[in-house]
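Data block below; observations after.
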Amino acid sequence: MSLLEVTDLTVHFPITEGILIERQVGAVRAVDGVSFSLEKGETLGLVGESGCGKSTVGRSILRLVEPTSGRVVFDGTDVSSLKGEALRRERRRMQMIFQDPYSSLDPRRTVEDTLAEPLRAHGLFPGKASHERVRELLDIVGLPRNSGSRYPHEFSGGQRQRVGIARSLAVQPDLIIADEPVSALDVSIQAQVVNLLEELQAEFGLTYLVIAHDLAVVRHISDRVAVMYLGRIVEVAPSEDLYRIPLHPYTIALLSAIPIPDPDVEDRRERILLKGDLPSPANPPAGCRFHTRCPWRQPTRCDTEDPQLREIPVVSGQAHTVACHWAEQIQAGALRPHDVPAPPTG
Amino acid sequence: MAVPVRAVDGVSFDVRAGQTLGLVGESGCGKSVTSLAILGLLPKRGVGVSGSVVLEGRELLGLPQDELRDVRGRDVAMIFQDPLSSLNPVLTIGRQITEVLERHFGTSPRDAKVEAARLLDMVGIPNAGRRLDDYPHQFSGGMRQRVMIASALACKPKLLIADEPTTALDVTIQAQILELLRALVIESQSALILITHDLGVVAGLCENVHVMYSGRIVESATRRGLFGQPRHPYTAGLLASVPRLDQERGTPLRPIAGSPRDTIPWDDGCAFTPRCPNRIPSCVGAPPALVPVADDASTARHDLRCVNPVPAPVAAAVTSRRRPAAGVGSDTRATRTTTAAPRKATKAVPTRTGKPVVAKPAKQAKSAQPAPRAKKAQP
């Protein structure tokens with residue numbers, strides 16, 4: 001059984017009008033029918049550009065954002081129907097690492113206060129034991145054992161992110177949702193934190209959901225990668241062959257847009273430039289949501305029929321799950337990318 | 001009184017028309033301060049800038065404000081990282097572009113408007129004519145960056161400085177903007193200085209690359225020289241610490257130990273010493289000079305500021321590693337400034353020497369108070 005099973009998760013944020021009498025005039029479909037599962041000890045990467053709903057997925061699993069519909073089953077328990085104390089208890093096993101180590105730590109509390117609070121809240125390591133636990137946690141994340149009495153401002157960005165990681169580990173969780181864990185850090189520091197996350201996973205058997213926009217980092221750390229576009233997952237692929245054989249047009253475009261620090265590779269690459277911006281999630285395009293910008297768009301089906309995620313066998317490797325009507329033809333090279341006019345914006 | 005912080009220390013480079021130069025480094029390395037110094041945008045008070053910035057034979061450092069204002073926007077234009085905070089929110093974008101034209105060329109408002117529409121169209125904004133009366137908030141991030149580029153290009157500047165132009169943008173939008181910059185440089189023959197922390201962006205766009213660390217250029221080479229044979233431990237470390245999409249998965253990342261903050265007082269030799277895996281006793285003391293690499297296999301220029309560099313992949317086996325003494329090579333550098341500076345060259349050399357490093361041509365810059373994004377002085 002999977003550790004985490006997300007089925008048809010939907011999060012709509014209402015758009016309201018009127019001052020005294022508010023009425024709903026629409027909804028931002030931040031997440032619109034997302035399903036995936038996560039095995040114990042596995043790392044799933046969730047990538048996509050800003051506004052695609054990837055952070056909302058992470059938050060709604062923890063119920064930090066109330067899902068509009070859908071089911072989230074964690075280790076056999078339906079989290080989406082839990083309330084009050086039961087939900088609070090379940091959350092001990094699911095922890096979050098936030099993006100910004102500057103704003104996610106309370107500047108007026110010492111590191112020890114920050115790390116001991118979750119222990120108190122869940123009644124773990126009572127009394128004197130909590131002090132020892134804090135020292136142990138600091139040691140685990142590679143900070144000096146005695147730095148508990150210091151305040152966040154005394155640490156650099158990378159060290160603060162280590163404090164954030166220690167906080168998520170404090171209550172011995174099974175699942176950690178890391179929302180852009182390294183993107184606020186300097187390049188030379190990112191690798192330190194990525195390596196730390198990998199070591200911790202090996203040591204404590206953690207399961208990760210890593211949410212990030214940097215596909216190179218996500219691929220490095222994840223076993224499988226799910227690519228999101230406008231509230232939907234468009235492709236799930238094993239990390240090994242995501243770069244080699246991407247199948248969904250958006251995945252192909254996304255991969256080709258990522259610069260690689262090697263001039264020889266850069267000069268040889270075929271770059272697929274997408275025109276225009278992400279359409280508004282309040283009014284997503286009909287049919288396939290990517291069809292307005294898709295360089296592989298076909299005259300039929302794309303703008304009328306909503307493609308479902310389906311398994312596509314891959315020549316040498318595990319099957320990908322892809323939501324595109326033409327994935328087989330694209331894989332076979334029967335369809336070539338063509339120019340698309342920029343969609344109207346504004 | 002705060003201890004003076006050297007945000008930029010002895011930086012020299014030149015860039016020619018139609019050429020793209022990359023300035024790479026992490027936050028606090030002085031890359032943005034360098035660009036602000038070129039444009040004379042650093043605060044007058046408490047900041048000491050010295051050295052020389054020559055644009056087509058004309059010295060920009062020390063120009064009176066009114067003359068400098070004529071240069072800015074007309075001869076040198078800048079694209080900033082965050083288009084939302086660098087565009088004026090209460091002016092229409094049309095106004096922000098026509099203003100440049102009217103100010104520098106005395107274009108009539110009517111003609112300026114036509115030209116503004118043409119520029120917006122050129123940078124790929126759909127329905128450009130109708131969008132002139134829109135305000136910045138009505139555009140998406142990528143579109144706003146295009147507006148910024150349009151206004152920077154309005155006067156066909158000879159030099160364009162782009163400070164992290166795509167950092168705030170998504171990758172697919174970043175690819176659009178980089179493609180646009182690439183095309184514009186070829187078409188308009190402007191010189192482009194691209195400031196970024198992203199090695200991938202540099203690999204695709206810049207002919208020459210300078211890597212900065214703690215206010216100094218530590219390595220400079222052609223992009224092929226730099227990525228093919230990184231010699232400074234910092235450059236090599238950066239390349240080894242970023243995961244690459246085209247690599248075999250499972251290649252371990254080798255991070256650089258410590259963080260840039262560890263090196264605040266770095267008068268004592270090379271600033272990278274505390275984090276450097278290659279450090280040897282002579283790293284401490286006099287800062288090493290930026291000298292040509294002795295054993296680079298290619299003929300292209302490759303300068304390095306390190307006494308114990310990473311061995312070159314092939315050459316290391318053949319040539320014994322040469323350890324250049326501090327100061328050697330200053331004369332080569334001087335020749336370079338003269339030879340490599342034909343009519344259209346732009347040289348920028350804001351700098352400062354703490355302890356004199358033998359005869360360096362021109363330049364020194366010191367800021368007595370922490371300059372923007374520069375490191376704080378130690379309490």
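How things are named: the first chain in the structure tokens is A, the next is B, and so on; residues count from 1 in each chain; ligands count from 1 in the order shown.
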Check: Mind checking DSSP for region 71-250 of chain A and telling me the strand (DSSP E) residues as an MDAnalysis selection string?
Finding: chainID A and resid 71:74 77:78 94:97 175:179 207:212 224:229 232:238
Notebook entry, point to check: Mind checking DSSP for region 106-215 of chain A and telling me the helix (DSSP H, G or I) residues as JSON, numbers by chain?
Noted result: {"A": [111, 112, 113, 114, 115, 116, 117, 118, 119, 120, 121, 128, 129, 130, 131, 132, 133, 134, 135, 136, 137, 138, 139, 140, 145, 146, 147, 148, 149, 152, 153, 154, 157, 158, 159, 160, 161, 162, 163, 164, 165, 166, 167, 168, 169, 187, 188, 189, 190, 191, 192, 193, 194, 195, 196, 197, 198, 199, 200, 201, 202, 203, 204, 215]}
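For the pair CA of Gln138 (chain B) and CA of Val90 (chain B), the interatomic distance is 11.6 Å.
Using only C-alpha atoms, the contacts of Leu105 (chain A) at a cut-off of 8 Å, with sequence neighbours closer than 6 positions omitted, comprise Thr114, Pro152, Arg160 and Gly164 of chain A.
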Written selection (N, CA and C atoms) as a tab-separated table (two decimals), in the first residue's frame:
chain	number	residue	atom	x	y	z
A	114	THR	N	12.18	27.32	18.87
A	114	THR	CA	11.54	26.91	17.63
A	114	THR	C	11.50	25.39	17.49
A	152	PRO	N	17.63	33.29	14.82
A	152	PRO	CA	17.76	33.06	13.37
A	152	PRO	C	18.70	34.05	12.67
A	160	ARG	N	20.02	28.58	8.18
A	160	ARG	CA	18.62	28.73	8.55
A	160	ARG	C	17.78	27.62	7.93
A	164	GLY	N	15.25	24.92	9.62
A	164	GLY	CA	13.92	24.56	9.13
A	164	GLY	C	13.77	23.06	8.94
Checklist line | All residues 12 Å or closer to Ala286 (chain A), only C-alpha atoms, same chain fewer than 6 positions away omitted, as a ChimeraX atom specification | finding: /A:279,292,301-307
Okay, now the selection with C-alpha atoms, as a PDB file, in the first residue's frame?
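File written: part.pdb
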ATOM      1  CA  PRO A 279      -3.299  31.411 -19.317  1.00  0.00           C
ATOM      2  CA  THR A 292      -2.977  27.534 -26.698  1.00  0.00           C
ATOM      3  CA  ARG A 301      -9.145  16.978 -30.410  1.00  0.00           C
ATOM      4  CA  CYS A 302      -6.643  19.346 -28.759  1.00  0.00           C
ATOM      5  CA  ASP A 303      -9.030  22.258 -28.296  1.00  0.00           C
ATOM      6  CA  THR A 304     -12.132  20.216 -27.598  1.00  0.00           C
ATOM      7  CA  GLU A 305     -11.231  17.042 -25.774  1.00  0.00           C
ATOM      8  CA  ASP A 306      -9.654  17.063 -22.331  1.00  0.00           C
ATOM      9  CA  PRO A 307      -6.801  14.515 -22.400  1.00  0.00           C
TER      10      PRO A 307
END
Write out as a tab-separated table the residues of chain A that have any atom within 7 Å of an atom of chain B, one row each with the nearest atom pair and its distance in Å to one decimal, counting only C-alpha atoms, sorted by chain and then rising number.
residue	atom	partner	partner_atom	distance
A:Glu49	CA	B:Asp170	CA	5.8
A:Ser50	CA	B:Asp170	CA	6.8
A:Asp186	CA	B:Glu26	CA	6.1
A:Val187	CA	B:Glu26	CA	6.9
A:Ser188	CA	B:Ile256	CA	5.7
A:Ile189	CA	B:Ser259	CA	6.7
A:Ala191	CA	B:Pro255	CA	5.0
A:Gln192	CA	B:Pro255	CA	5.3
A:Ala216	CA	B:Leu245	CA	5.1
A:Val217	CA	B:Pro243	CA	5.9
A:His220	CA	B:Arg249	CA	6.2
A:Glu240	CA	B:Arg249	CA	6.0
A:Tyr243	CA	B:Leu245	CA	6.6
A:Leu254	CA	B:Thr172	CA	6.1
A:Ala257	CA	B:Ala175	CA	5.4
A:Ile258	CA	B:Val171	CA	6.2
A:Pro259	CA	B:Gly200	CA	4.5
A:Ile260	CA	B:Gly200	CA	4.5
A:Pro261	CA	B:Gly200	CA	3.8
A:Asp262	CA	B:Ala203	CA	5.6
A:Pro263	CA	B:Ala203	CA	4.7
A:Glu266	CA	B:Gly204	CA	5.3
A:Asp267	CA	B:Gly204	CA	6.9
A:Leu273	CA	B:Gln176	CA	6.4
A:Leu274	CA	B:Thr172	CA	6.5
A:Gly346	CA	B:Phe139	CA	6.5
Next item on the list: Excluding Gly285 (chain B) and any residue of its chain fewer than 5 positions from it, enumerate the residues within 8 Å of it, using only C-alpha atoms, and give them as JSON, numbers by chain.
Entry: {"B": [268, 269, 270]}
Filtering to N, CA and C atoms, could you give me those residues as a PDB file, in the first residue's frame?
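Listing of out26.pdb after writing:
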ATOM      1  N   ASP B 268      43.452  39.362   4.070  1.00  0.00           N
ATOM      2  CA  ASP B 268      44.565  38.452   4.223  1.00  0.00           C
ATOM      3  C   ASP B 268      44.570  37.408   3.112  1.00  0.00           C
ATOM      4  N   GLY B 269      45.053  37.773   1.979  1.00  0.00           N
ATOM      5  CA  GLY B 269      45.164  36.794   0.889  1.00  0.00           C
ATOM      6  C   GLY B 269      43.868  36.570   0.159  1.00  0.00           C
ATOM      7  N   CYS B 270      43.752  35.395  -0.419  1.00  0.00           N
ATOM      8  CA  CYS B 270      42.605  35.063  -1.245  1.00  0.00           C
ATOM      9  C   CYS B 270      41.360  34.898  -0.382  1.00  0.00           C
TER      10      CYS B 270
END
Item checked: Nearby residues (only C-alpha atoms) at most 7 Å from Thr196 (chain B), same-chain spacing under 2 positions excluded, as a PyMOL selection string -> chain B and resi 23-25+163-164+194+198
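CA of Arg269 (chain A) is positioned 29.9 Å from CA of Lys158 (chain B).
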Which residues are close to Pro309 (chain B), i.e. within 8 Å by only C-alpha atoms, leaving aside same-chain residues fewer than 3 positions away? Reply as a PDB file with C-alpha atoms, in the first residue's frame.
ATOM      1  CA  ARG B 231      40.950  26.381 -13.045  1.00  0.00           C
ATOM      2  CA  HIS B 232      39.940  28.372  -9.999  1.00  0.00           C
ATOM      3  CA  PRO B 233      38.764  26.099  -7.178  1.00  0.00           C
ATOM      4  CA  ASN B 278      43.075  23.436  -2.560  1.00  0.00           C
ATOM      5  CA  CYS B 306      44.943  31.638  -7.588  1.00  0.00           C
TER       6      CYS B 306
END
